[in-house]
$ cat my_file08.txt   # compact mmCIF, C-alpha atoms
# COMPACT_ATOMS: atom_id res chain seq x y z
CA MET A 1 75.23 71.74 127.39
CA GLU A 2 77.96 73.63 125.60
CA SER A 3 77.46 77.38 125.34
CA SER A 4 77.09 78.88 121.89
CA ASP A 5 79.59 81.48 120.66
CA GLU A 6 76.95 84.17 121.06
CA GLN A 7 76.27 83.18 124.68
CA LEU A 8 79.98 83.16 125.42
CA CYS A 9 80.36 86.60 123.89
CA ARG A 10 77.64 87.95 126.18
CA ALA A 11 79.40 86.27 129.10
CA VAL A 12 82.63 88.01 128.08
CA ALA A 13 80.76 91.32 128.07
CA GLU A 14 79.64 90.61 131.63
CA ARG A 15 83.22 89.68 132.54
CA GLU A 16 82.30 86.15 133.55
CA PRO A 17 85.50 84.30 134.37
CA GLY A 18 86.57 81.71 131.85
CA ALA A 19 84.27 82.87 129.04
CA PHE A 20 86.96 84.76 127.20
CA ASP A 21 89.42 81.87 127.45
CA LEU A 22 86.82 79.50 126.01
CA LEU A 23 86.17 81.76 123.04
CA VAL A 24 89.90 82.14 122.45
CA GLU A 25 90.35 78.38 122.45
CA ARG A 26 87.50 77.97 119.97
CA TYR A 27 88.71 80.62 117.57
CA GLN A 28 92.47 80.85 118.01
CA GLU A 29 93.35 78.53 115.12
CA ARG A 30 90.85 80.05 112.69
CA ALA A 31 91.89 83.57 113.69
CA TYR A 32 95.58 82.86 113.22
CA ARG A 33 94.98 81.00 109.95
CA ILE A 34 92.85 83.80 108.46
CA ALA A 35 95.32 86.45 109.60
CA TRP A 36 98.17 84.49 108.09
CA SER A 37 96.26 83.99 104.83
CA VAL A 38 95.83 87.73 104.51
CA LEU A 39 99.21 88.88 105.83
CA ARG A 40 101.44 85.89 104.96
CA ASP A 41 103.72 86.70 107.85
CA ARG A 42 103.83 84.56 110.98
CA GLU A 43 104.56 87.31 113.50
CA ASP A 44 102.09 89.76 111.98
CA ALA A 45 99.43 87.03 111.94
CA ARG A 46 100.12 86.23 115.58
CA ASP A 47 100.03 89.89 116.53
CA CYS A 48 96.87 90.73 114.57
CA SER A 49 94.93 87.69 115.73
CA GLN A 50 95.79 88.52 119.35
CA GLU A 51 94.83 92.14 118.78
CA ALA A 52 91.47 90.95 117.41
CA PHE A 53 90.86 88.95 120.60
CA ILE A 54 91.74 91.98 122.71
CA ARG A 55 89.28 94.11 120.73
CA LEU A 56 86.70 91.37 121.14
CA HIS A 57 87.23 91.54 124.91
CA GLU A 58 86.91 95.31 124.88
CA SER A 59 83.82 95.50 122.67
CA ALA A 60 81.94 92.29 123.52
CA GLY A 61 79.20 94.47 124.98
CA SER A 62 78.55 96.01 121.57
CA PHE A 63 77.81 92.65 119.95
CA ALA A 64 74.11 92.99 119.25
CA GLY A 65 73.55 89.42 118.15
CA GLN A 66 72.08 90.47 114.80
CA SER A 67 74.75 88.54 112.94
CA LYS A 68 76.57 85.37 113.83
CA PHE A 69 79.35 85.80 116.34
CA SER A 70 81.84 84.38 113.85
CA THR A 71 80.93 87.02 111.25
CA TRP A 72 81.24 89.80 113.83
CA PHE A 73 84.58 88.50 115.07
CA TYR A 74 86.00 87.93 111.57
CA ARG A 75 85.13 91.51 110.80
CA ILE A 76 87.24 92.70 113.74
CA LEU A 77 90.01 90.34 112.69
CA VAL A 78 90.10 91.26 109.01
CA ASN A 79 90.02 94.96 109.90
CA CYS A 80 93.09 94.41 112.10
CA CYS A 81 94.83 92.63 109.24
CA LEU A 82 93.98 95.26 106.63
CA ASP A 83 95.09 98.03 109.03
CA GLN A 84 98.35 96.19 109.53
CA GLN A 85 98.75 95.81 105.76
CA ARG A 86 98.19 99.54 105.29
CA ARG A 87 100.71 100.39 108.01
CA ARG A 88 103.22 98.05 106.41
CA ARG A 89 102.72 99.63 103.00
CA GLY A 90 102.96 103.11 104.50
CA TRP A 91 106.19 102.20 106.22
CA ARG A 92 107.62 100.74 103.01
CA ARG A 93 106.77 103.92 101.17
CA LEU A 94 108.44 105.89 103.93
CA VAL A 95 111.68 103.93 103.72
CA GLY A 96 111.60 103.97 99.93
CA TRP A 97 110.72 100.38 99.18
CA ARG A 98 109.52 100.29 95.61
CA ASP A 99 107.79 97.57 93.75
CA GLN A 100 109.55 96.82 90.53
CA ARG A 101 106.55 95.32 88.79
CA ALA A 102 103.91 97.29 87.00
CA ASP A 103 100.95 95.32 88.32
CA GLY A 104 99.91 97.91 90.87
CA PRO A 105 100.54 99.24 94.35
CA ASP A 106 99.15 96.25 96.20
CA GLU A 107 101.89 93.88 95.23
CA PRO A 108 103.51 92.24 98.26
CA ASP A 109 107.10 92.37 99.36
CA PRO A 110 109.20 89.97 97.27
CA VAL A 111 110.38 88.35 100.50
CA GLU A 112 106.81 87.43 101.28
CA GLN A 113 106.31 85.86 97.91
CA ALA A 114 108.05 82.74 99.01
CA PRO A 115 105.81 79.89 98.02
CA ALA A 116 103.36 78.60 100.56
CA PRO A 117 104.90 75.95 102.78
CA PHE A 118 104.14 72.98 100.64
CA THR A 119 106.50 70.11 100.24
CA ASP A 120 107.46 69.30 96.70
CA PRO A 121 109.43 66.13 97.23
CA VAL A 122 109.36 64.58 93.79
CA GLU A 123 110.68 66.27 90.73
CA GLY A 124 108.25 66.31 87.86
CA MET A 125 105.10 66.39 89.95
CA ASP A 126 103.42 69.06 87.90
CA ALA A 127 100.18 68.98 89.86
CA GLU A 128 101.97 69.64 93.14
CA ARG A 129 103.93 72.51 91.65
CA ARG A 130 100.76 73.94 90.22
CA MET A 131 99.10 73.87 93.65
CA THR A 132 101.99 75.78 95.13
CA ARG A 133 101.87 78.18 92.22
CA VAL A 134 98.13 78.80 92.65
CA TRP A 135 98.59 80.07 96.20
CA ALA A 136 101.69 82.01 95.29
CA LEU A 137 99.50 83.83 92.78
CA VAL A 138 96.85 84.39 95.46
CA ASP A 139 99.57 86.15 97.44
CA GLU A 140 99.92 88.63 94.61
CA LEU A 141 96.28 89.71 94.74
CA SER A 142 95.26 92.91 96.53
CA PRO A 143 94.62 92.47 100.29
CA GLN A 144 90.85 92.82 99.81
CA GLN A 145 90.76 90.27 97.00
CA ARG A 146 93.00 87.92 98.97
CA ALA A 147 90.74 88.25 102.00
CA ALA A 148 87.66 87.53 99.86
CA VAL A 149 89.29 84.46 98.28
CA THR A 150 90.47 83.18 101.67
CA LEU A 151 87.11 83.68 103.36
CA SER A 152 85.26 82.19 100.43
CA CYS A 153 87.36 79.28 99.20
CA ARG A 154 89.11 78.38 102.39
CA GLU A 155 86.78 79.27 105.23
CA GLY A 156 83.63 78.62 103.21
CA LEU A 157 81.85 81.85 104.19
CA ALA A 158 78.78 82.85 102.21
CA THR A 159 78.89 86.01 100.10
CA LYS A 160 76.67 87.92 102.53
CA ASP A 161 78.97 86.99 105.45
CA ILE A 162 82.07 88.04 103.50
CA ALA A 163 80.29 91.31 102.74
CA ALA A 164 79.65 91.82 106.46
CA VAL A 165 83.24 90.94 107.35
CA LEU A 166 84.73 93.27 104.75
CA SER A 167 82.11 95.99 105.35
CA VAL A 168 81.18 96.12 101.69
CA SER A 169 78.10 95.21 99.69
CA GLU A 170 77.47 91.71 98.39
CA ALA A 171 77.85 93.06 94.86
CA THR A 172 81.34 94.30 95.76
CA VAL A 173 82.26 90.89 97.12
CA ARG A 174 81.11 89.31 93.86
CA VAL A 175 83.26 91.77 91.93
CA HIS A 176 86.27 91.08 94.18
CA LEU A 177 85.88 87.34 93.78
CA HIS A 178 85.24 87.50 90.07
CA ARG A 179 88.27 89.70 89.43
CA ALA A 180 90.47 87.66 91.73
CA LEU A 181 89.57 84.30 90.23
CA SER A 182 89.68 85.67 86.69
CA THR A 183 93.19 87.00 87.38
CA LEU A 184 94.24 83.61 88.76
CA ARG A 185 92.76 81.80 85.80
CA ARG A 186 94.47 84.12 83.35
CA ARG A 187 97.85 83.85 85.02
CA LEU A 188 97.65 80.11 85.40
CA GLY A 189 96.53 79.91 81.77
CA ASP A 190 99.42 82.13 80.68
CA GLU A 191 101.83 79.77 82.36
CA GLY A 192 100.25 76.79 80.64
CA MET B 193 70.19 90.34 87.36
CA LYS B 194 70.48 90.85 83.62
CA ASP B 195 70.21 87.92 81.27
CA VAL B 196 72.99 89.18 78.99
CA HIS B 197 75.85 87.41 80.77
CA VAL B 198 76.10 86.17 84.30
CA ASP B 199 79.86 86.37 84.90
CA GLU B 200 79.72 87.79 88.41
CA TRP B 201 77.07 85.31 89.51
CA LEU B 202 78.94 82.26 88.31
CA ILE B 203 81.12 81.97 91.40
CA ASP B 204 78.13 82.10 93.72
CA HIS B 205 76.44 79.58 91.45
CA VAL B 206 79.39 77.20 91.78
CA ARG B 207 79.40 77.63 95.55
CA GLY B 208 75.67 77.11 95.86
CA ASP B 209 75.34 80.58 97.34
CA LEU B 210 72.42 81.93 95.31
CA ASP B 211 68.81 82.16 96.37
CA PRO B 212 66.47 79.90 94.37
CA ALA B 213 65.20 82.65 92.05
CA ASP B 214 68.69 83.84 91.07
CA ARG B 215 69.90 80.29 90.70
CA ALA B 216 67.05 79.48 88.34
CA ARG B 217 67.89 82.53 86.19
CA VAL B 218 71.55 81.56 86.00
CA ASP B 219 70.60 78.00 85.12
CA VAL B 220 68.41 79.23 82.26
CA HIS B 221 71.24 81.43 80.97
CA LEU B 222 73.76 78.61 81.20
CA THR B 223 71.67 76.26 79.10
CA ALA B 224 71.77 78.79 76.30
CA CYS B 225 75.30 80.23 76.65
CA ALA B 226 78.27 77.99 75.96
CA ASP B 227 80.78 80.71 76.92
CA CYS B 228 79.28 81.14 80.37
CA ARG B 229 79.06 77.36 80.80
CA ALA B 230 82.74 76.99 79.98
CA SER B 231 83.56 79.88 82.29
CA ARG B 232 81.54 78.33 85.08
CA ASP B 233 83.39 75.02 84.69
CA ARG B 234 86.77 76.77 84.85
CA PHE B 235 85.74 78.68 87.97
CA ALA B 236 84.49 75.45 89.53
CA ALA B 237 87.83 73.72 88.86
CA LEU B 238 89.79 76.63 90.30
CA ILE B 239 87.62 76.92 93.42
CA THR B 240 87.98 73.19 94.04
CA GLU B 241 91.72 73.47 93.60
CA LEU B 242 91.97 76.45 95.98
CA ALA B 243 89.92 74.70 98.65
CA ARG B 244 91.92 71.47 98.32
CA THR B 245 95.38 73.01 98.28
CA ALA B 246 95.12 75.82 100.81
CA PRO B 247 98.50 76.02 102.57
CA ALA B 248 98.76 75.63 106.32
CA PRO B 249 100.22 78.53 108.28
CA PRO B 250 103.50 77.97 110.14
CA PRO B 251 102.89 75.99 113.35
CA ILE B 252 102.47 77.87 116.58
CA HIS B 253 102.60 76.93 120.28
CA TRP B 254 99.09 77.62 121.48
CA GLY B 255 99.95 77.67 125.16
CA ALA B 256 102.51 80.40 124.60
CA TYR B 257 100.07 82.20 122.31
CA ARG B 258 97.38 82.30 125.00
CA ALA B 259 99.86 83.33 127.70
CA GLU B 260 101.07 86.19 125.54
CA LEU B 261 97.50 87.20 124.76
CA ARG B 262 96.61 87.17 128.46
CA GLU B 263 99.62 89.36 129.24
CA ARG B 264 98.70 91.82 126.48
CA LEU B 265 95.14 91.93 127.69
CA GLU B 266 96.18 92.61 131.28
CA ARG B 267 98.49 95.37 130.10
CA ARG B 268 95.67 96.87 128.05
CA THR B 269 93.01 96.60 130.74
CA ALA B 270 95.37 98.28 133.22
CA GLY B 271 95.02 101.08 130.66
CA PRO B 272 95.20 104.66 131.91
CA GLY B 273 96.87 103.70 135.20
CA ARG B 274 99.66 102.15 133.24
CA VAL B 275 99.97 105.17 131.00
CA TRP B 276 100.11 107.39 134.09
CA GLY B 277 102.67 104.98 135.53
CA TRP B 278 104.88 105.48 132.50
CA LEU B 279 104.49 109.22 132.79
CA VAL B 280 105.41 109.37 136.48
CA ARG B 281 108.13 106.74 136.28
CA PRO B 282 110.92 109.28 135.52
CA LEU B 283 109.98 111.33 138.57
CA PRO B 284 111.77 109.19 141.18
CA ALA B 285 114.86 109.15 138.97
CA LEU B 286 114.78 112.93 138.66
CA VAL B 287 114.30 113.35 142.40
CA ALA B 288 117.21 110.98 143.10
CA ALA B 289 119.45 112.79 140.62
CA GLY B 290 118.58 116.14 142.24
CA LEU B 291 119.34 114.81 145.71
CA VAL B 292 122.73 113.47 144.63
CA THR B 293 123.58 116.83 143.07
CA VAL B 294 122.61 118.70 146.23
CA LEU B 295 124.61 116.32 148.43
CA VAL B 296 127.71 116.58 146.25
CA LEU B 297 127.54 120.37 146.23
CA ALA B 298 126.87 120.53 149.99
CA GLY B 299 129.69 118.06 150.72
CA LEU B 300 132.35 120.12 149.01
CA PRO B 301 134.61 122.06 151.49
CA ALA B 302 133.88 125.72 151.28
CA GLY B 303 137.57 126.58 150.70
CA VAL B 304 138.14 124.31 147.77
CA ARG B 305 138.87 126.43 144.78
CA PRO B 306 140.88 125.92 141.60
CA PRO B 307 144.63 126.47 142.22
CA ASP B 308 145.89 130.05 141.91
CA PRO B 309 148.41 130.09 138.98
CA ILE B 310 150.68 132.66 140.69
CA ALA B 311 150.89 130.58 143.85
CA LEU B 312 151.73 127.52 141.72
CA ASP B 313 154.57 129.40 140.00
CA ASN B 314 155.93 130.48 143.38
CA THR B 315 155.93 126.89 144.64
CA ILE B 316 157.83 125.66 141.56
CA LEU B 317 160.33 128.51 141.92
CA ALA B 318 160.88 127.74 145.58
CA THR B 319 161.54 124.07 144.76
CA GLU B 320 164.07 125.05 142.12
CA LEU B 321 165.83 127.46 144.55
CA ASP B 322 166.04 124.70 147.14
CA MET B 323 167.63 122.43 144.57
CA ILE B 324 170.18 125.10 143.69
CA ALA B 325 171.00 125.44 147.38
CA ARG B 326 171.76 121.70 147.46
CA LEU B 327 173.56 121.63 144.13
CA ASP B 328 176.24 119.22 145.29
CA VAL B 329 173.67 116.58 146.16
CA VAL B 330 171.74 117.09 142.92
CA GLN B 331 174.92 116.78 140.89
CA GLN B 332 175.75 113.51 142.63
CA LEU B 333 172.24 112.18 141.88
CA ASP B 334 172.58 113.19 138.23
CA LEU B 335 175.93 111.44 138.06
CA LEU B 336 174.51 108.28 139.60
CA GLU B 337 171.56 108.40 137.21
CA ASP B 338 173.95 108.63 134.28
CA PHE B 339 175.59 105.43 135.35
CA ASN B 340 172.25 103.64 135.78
CA VAL B 341 173.05 103.25 139.42
CA ILE B 342 169.74 104.51 140.76
CA GLY B 343 167.88 101.73 139.02
CA GLU B 344 170.19 99.17 140.61
CA LEU B 345 170.49 100.65 144.09
CA ASP B 346 169.18 97.50 145.69
CA GLU B 347 172.05 95.56 144.16
CA LEU B 348 174.76 97.83 145.66
CA PRO B 349 176.68 96.41 148.60
CA GLU B 350 175.69 97.80 151.92
CA PRO B 351 178.09 100.50 153.14
CA GLN B 352 180.60 99.21 155.73
CA LYS B 353 180.05 100.63 159.16
CA GLY B 354 182.88 101.81 161.30

$ encode --input "my_file08.txt" --output "structure tokens"
Amino acid sequence: MESSDEQLCRAVAEREPGAFDLLVERYQERAYRIAWSVLRDREDARDCSQEAFIRLHESAGSFAGQSKFSTWFYRILVNCCLDQQRRRRGWRRLVGWRDQRADGPDEPDPVEQAPAPFTDPVEGMDAERRMTRVWALVDELSPQQRAAVTLSCREGLATKDIAAVLSVSEATVRVHLHRALSTLRRRLGDEG
Amino acid sequence: MKDVHVDEWLIDHVRGDLDPADRARVDVHLTACADCRASRDRFAALITELARTAPAPPPIHWGAYRAELRERLERRTAGPGRVWGWLVRPLPALVAAGLVTVLVLAGLPAGVRPPDPIALDNTILATELDMIARLDVVQQLDLLEDFNVIGELDELPEPQKG
């Protein structure tokens, strides 16, 4: 019978050979995808998702089993991503990068605002362009809002799990999601 | 939950993420509030669109990813030893540099000193005096040089013997 994630995590804590590799194989794609959704940079996503696995290896013994393993691991992962985002913003401030828009300090680097890698092969396909535009607008949300939208709409996590991952209350998650989706609706509406 | 408006509960309502009691309250509010109903429908459309159109991250080679992760993990678990290793790594280089310096200094002959300027002047003067003593030869060399002969000495016929 296949071991559950929680059993594997305990095996990692006891340094059982192969347990860590199994967990990595199970979660590598999700970890990389979530990291990329938050950071929108391939190398940063690779780096942060690997860092999350390393922290998992180091702290597997502290997993109490009170929450699902996935929630516990996503929390480590999203923390890595938000730390990375903060470092990146700090570095930009240091080197004098300035956002030209008035929307707020969380706006991403213009280079990173390249549309998501969709193909738009046929001119005039408004629906396709709109899809691309929706996720380009998601990129412009604050990191916390983007993480909430990603975990909710993409990964299908429940509000209480998102709250655990982001270390905030469920009410705060609702506010994040409401503001984020309202902003998207408004901007999409403004564009017609 | 207040019954005034249910804005912040609408998203959870769309996602089916409310407990039965909260869901019932939102349902009651929605039957009476057209604004919230319209808002709920717009949120539902957007959430469906986001779920359907989520972009895929750039592809990655998972074998290389795991190998890199394994290497990082080994480096990290080596931990303090590695840090100490980095700290002591310059020591052999310093020791080697010190040894080379000692050997170079020890290998120098004790008498080697920078040239004495007075002795150098005397040597030059002596050379010039010697040239004056052989003035006839020097003059001949100068003469030959003037005629570009020195540069073509190898082309001169060999002197006849006898």

$ atom_distance --input "my_file08.txt" --atom1 "CA of His205 in chain B" --atom2 "CA of Thr71 in chain A"
21.6 Å

$ closest_atom_pairs --input "my_file08.txt" --of "range 41-73 of chain A" --to "range 249-261 of chain B" --cutoff "8 Å" --atoms "all atoms listed in the file" --output "Markdown table"
| residue | atom | partner | partner_atom | distance |
| --- | --- | --- | --- | --- |
| A:Arg42 | CA | B:Pro250 | CA | 6.7 |
| A:Arg46 | CA | B:Tyr257 | CA | 7.8 |
| A:Gln50 | CA | B:Leu261 | CA | 5.8 |
| A:Ile54 | CA | B:Leu261 | CA | 7.8 |

$ interface_residues --input "my_file08.txt" --of "chain B" --to "chain A" --cutoff "7 Å" --atoms "only C-alpha atoms" --output "list in words"
Glu200, Asp209, Ile239, Leu242, Ala243, Thr245, Ala246, Pro247, Pro249, Pro250, Leu261 and Leu265 of chain B

$ atom_distance --input "my_file08.txt" --atom1 "CA of Pro143 in chain A" --atom2 "CA of Val38 in chain A"
6.5 Å

$ residues_around --input "my_file08.txt" --residues "Ser4 in chain A" --least-positions-apart "6" --cutoff "12 Å" --atoms "all atoms listed in the file" --output "ChimeraX atom specification"
/A:10-11,19,22-23,26,65,68-70

$ residues_around --input "my_file08.txt" --residues "Val198 in chain B" --least-positions-apart "3" --cutoff "10 Å" --atoms "all atoms listed in the file" --output "mmCIF file with C-alpha atoms, in the frame of the given file"
data_model
loop_
_atom_site.group_PDB
_atom_site.id
_atom_site.type_symbol
_atom_site.label_atom_id
_atom_site.label_comp_id
_atom_site.auth_asym_id
_atom_site.auth_seq_id
_atom_site.Cartn_x
_atom_site.Cartn_y
_atom_site.Cartn_z
ATOM 1 C CA MET B 193 70.190 90.340 87.360
ATOM 2 C CA LYS B 194 70.480 90.850 83.620
ATOM 3 C CA ASP B 195 70.210 87.920 81.270
ATOM 4 C CA TRP B 201 77.070 85.310 89.510
ATOM 5 C CA LEU B 202 78.940 82.260 88.310
ATOM 6 C CA ILE B 203 81.120 81.970 91.400
ATOM 7 C CA HIS B 205 76.440 79.580 91.450
ATOM 8 C CA ARG B 217 67.890 82.530 86.190
ATOM 9 C CA VAL B 218 71.550 81.560 86.000
ATOM 10 C CA ASP B 219 70.600 78.000 85.120
ATOM 11 C CA HIS B 221 71.240 81.430 80.970
ATOM 12 C CA LEU B 222 73.760 78.610 81.200
ATOM 13 C CA CYS B 225 75.300 80.230 76.650
ATOM 14 C CA CYS B 228 79.280 81.140 80.370
ATOM 15 C CA ARG B 229 79.060 77.360 80.800
ATOM 16 C CA SER B 231 83.560 79.880 82.290
ATOM 17 C CA ARG B 232 81.540 78.330 85.080
#

$ atom_distance --input "my_file08.txt" --atom1 "CA of Phe63 in chain A" --atom2 "CA of Glu14 in chain A"
12.0 Å

$ closest_residue --input "my_file08.txt" --among "A:Arg133, A:Glu2, A:Leu8, A:Leu56" --to "Trp72 in chain A" --atoms "all atoms listed in the file"
A:Leu56

$ closest_residue --input "my_file08.txt" --among "A:Tyr27, A:Ala148, A:Leu77, A:Met1" --to "Glu170 in chain A" --atoms "only C-alpha atoms"
A:Ala148

$ decode --input "my_file08.txt" --residues "range 208-285 of chain B" --atoms "C-alpha atoms" --output "mmCIF file, in the first residue's frame"
data_model
loop_
_atom_site.group_PDB
_atom_site.id
_atom_site.type_symbol
_atom_site.label_atom_id
_atom_site.label_comp_id
_atom_site.auth_asym_id
_atom_site.auth_seq_id
_atom_site.Cartn_x
_atom_site.Cartn_y
_atom_site.Cartn_z
ATOM 1 C CA GLY B 208 -18.799 25.805 -1.935
ATOM 2 C CA ASP B 209 -16.510 26.600 0.969
ATOM 3 C CA LEU B 210 -19.054 27.656 3.596
ATOM 4 C CA ASP B 211 -20.399 25.584 6.441
ATOM 5 C CA PRO B 212 -24.122 24.783 6.136
ATOM 6 C CA ALA B 213 -25.280 27.505 8.542
ATOM 7 C CA ASP B 214 -23.346 30.290 6.791
ATOM 8 C CA ARG B 215 -24.383 29.007 3.409
ATOM 9 C CA ALA B 216 -28.041 29.093 4.411
ATOM 10 C CA ARG B 217 -27.691 32.709 5.595
ATOM 11 C CA VAL B 218 -26.041 33.758 2.345
ATOM 12 C CA ASP B 219 -28.733 31.970 0.361
ATOM 13 C CA VAL B 220 -31.449 33.838 2.256
ATOM 14 C CA HIS B 221 -29.692 37.151 1.612
ATOM 15 C CA LEU B 222 -29.232 36.391 -2.078
ATOM 16 C CA THR B 223 -32.910 35.705 -2.629
ATOM 17 C CA ALA B 224 -33.664 39.199 -1.399
ATOM 18 C CA CYS B 225 -30.696 41.185 -2.782
ATOM 19 C CA ALA B 226 -30.345 41.594 -6.531
ATOM 20 C CA ASP B 227 -27.025 43.467 -6.204
ATOM 21 C CA CYS B 228 -25.405 40.639 -4.271
ATOM 22 C CA ARG B 229 -26.867 38.085 -6.689
ATOM 23 C CA ALA B 230 -25.372 39.936 -9.639
ATOM 24 C CA SER B 231 -22.083 40.269 -7.794
ATOM 25 C CA ARG B 232 -22.063 36.568 -7.000
ATOM 26 C CA ASP B 233 -22.637 35.705 -10.664
ATOM 27 C CA ARG B 234 -19.755 37.936 -11.754
ATOM 28 C CA PHE B 235 -17.439 36.388 -9.165
ATOM 29 C CA ALA B 236 -18.512 32.930 -10.299
ATOM 30 C CA ALA B 237 -17.708 33.754 -13.937
ATOM 31 C CA LEU B 238 -14.313 35.174 -13.015
ATOM 32 C CA ILE B 239 -13.380 32.241 -10.772
ATOM 33 C CA THR B 240 -14.335 29.803 -13.524
ATOM 34 C CA GLU B 241 -12.269 31.779 -16.000
ATOM 35 C CA LEU B 242 -9.241 31.884 -13.680
ATOM 36 C CA ALA B 243 -9.411 28.147 -13.030
ATOM 37 C CA ARG B 244 -9.812 27.340 -16.728
ATOM 38 C CA THR B 245 -7.113 29.637 -18.062
ATOM 39 C CA ALA B 246 -4.346 29.327 -15.477
ATOM 40 C CA PRO B 247 -1.053 29.541 -17.385
ATOM 41 C CA ALA B 248 1.475 26.734 -17.192
ATOM 42 C CA PRO B 249 4.920 27.582 -15.843
ATOM 43 C CA PRO B 250 7.910 27.241 -18.187
ATOM 44 C CA PRO B 251 8.870 23.575 -18.600
ATOM 45 C CA ILE B 252 11.610 22.168 -16.441
ATOM 46 C CA HIS B 253 13.796 19.032 -16.558
ATOM 47 C CA TRP B 254 12.794 17.159 -13.430
ATOM 48 C CA GLY B 255 15.821 14.898 -13.365
ATOM 49 C CA ALA B 256 18.149 17.891 -13.328
ATOM 50 C CA TYR B 257 15.906 19.577 -10.769
ATOM 51 C CA ARG B 258 16.157 16.631 -8.367
ATOM 52 C CA ALA B 259 19.908 16.282 -8.906
ATOM 53 C CA GLU B 260 20.398 19.957 -8.114
ATOM 54 C CA LEU B 261 18.164 19.656 -5.061
ATOM 55 C CA ARG B 262 20.121 16.633 -3.837
ATOM 56 C CA GLU B 263 23.386 18.535 -4.254
ATOM 57 C CA ARG B 264 22.024 21.553 -2.369
ATOM 58 C CA LEU B 265 20.748 19.322 0.385
ATOM 59 C CA GLU B 266 24.101 17.561 0.750
ATOM 60 C CA ARG B 267 25.861 20.903 0.883
ATOM 61 C CA ARG B 268 23.430 22.103 3.537
ATOM 62 C CA THR B 269 23.545 18.958 5.656
ATOM 63 C CA ALA B 270 27.348 19.088 5.619
ATOM 64 C CA GLY B 271 26.604 22.389 7.384
ATOM 65 C CA PRO B 272 29.086 23.613 9.979
ATOM 66 C CA GLY B 273 31.906 21.375 8.705
ATOM 67 C CA ARG B 274 31.586 23.014 5.353
ATOM 68 C CA VAL B 275 31.548 26.467 6.872
ATOM 69 C CA TRP B 276 34.673 25.586 8.857
ATOM 70 C CA GLY B 277 36.149 24.200 5.648
ATOM 71 C CA TRP B 278 35.637 27.535 3.947
ATOM 72 C CA LEU B 279 37.192 29.313 6.878
ATOM 73 C CA VAL B 280 40.310 27.130 6.978
ATOM 74 C CA ARG B 281 40.686 26.858 3.218
ATOM 75 C CA PRO B 282 42.919 29.971 2.932
ATOM 76 C CA LEU B 283 45.303 28.589 5.543
ATOM 77 C CA PRO B 284 47.220 26.213 3.246
ATOM 78 C CA ALA B 285 47.561 29.012 0.691
#
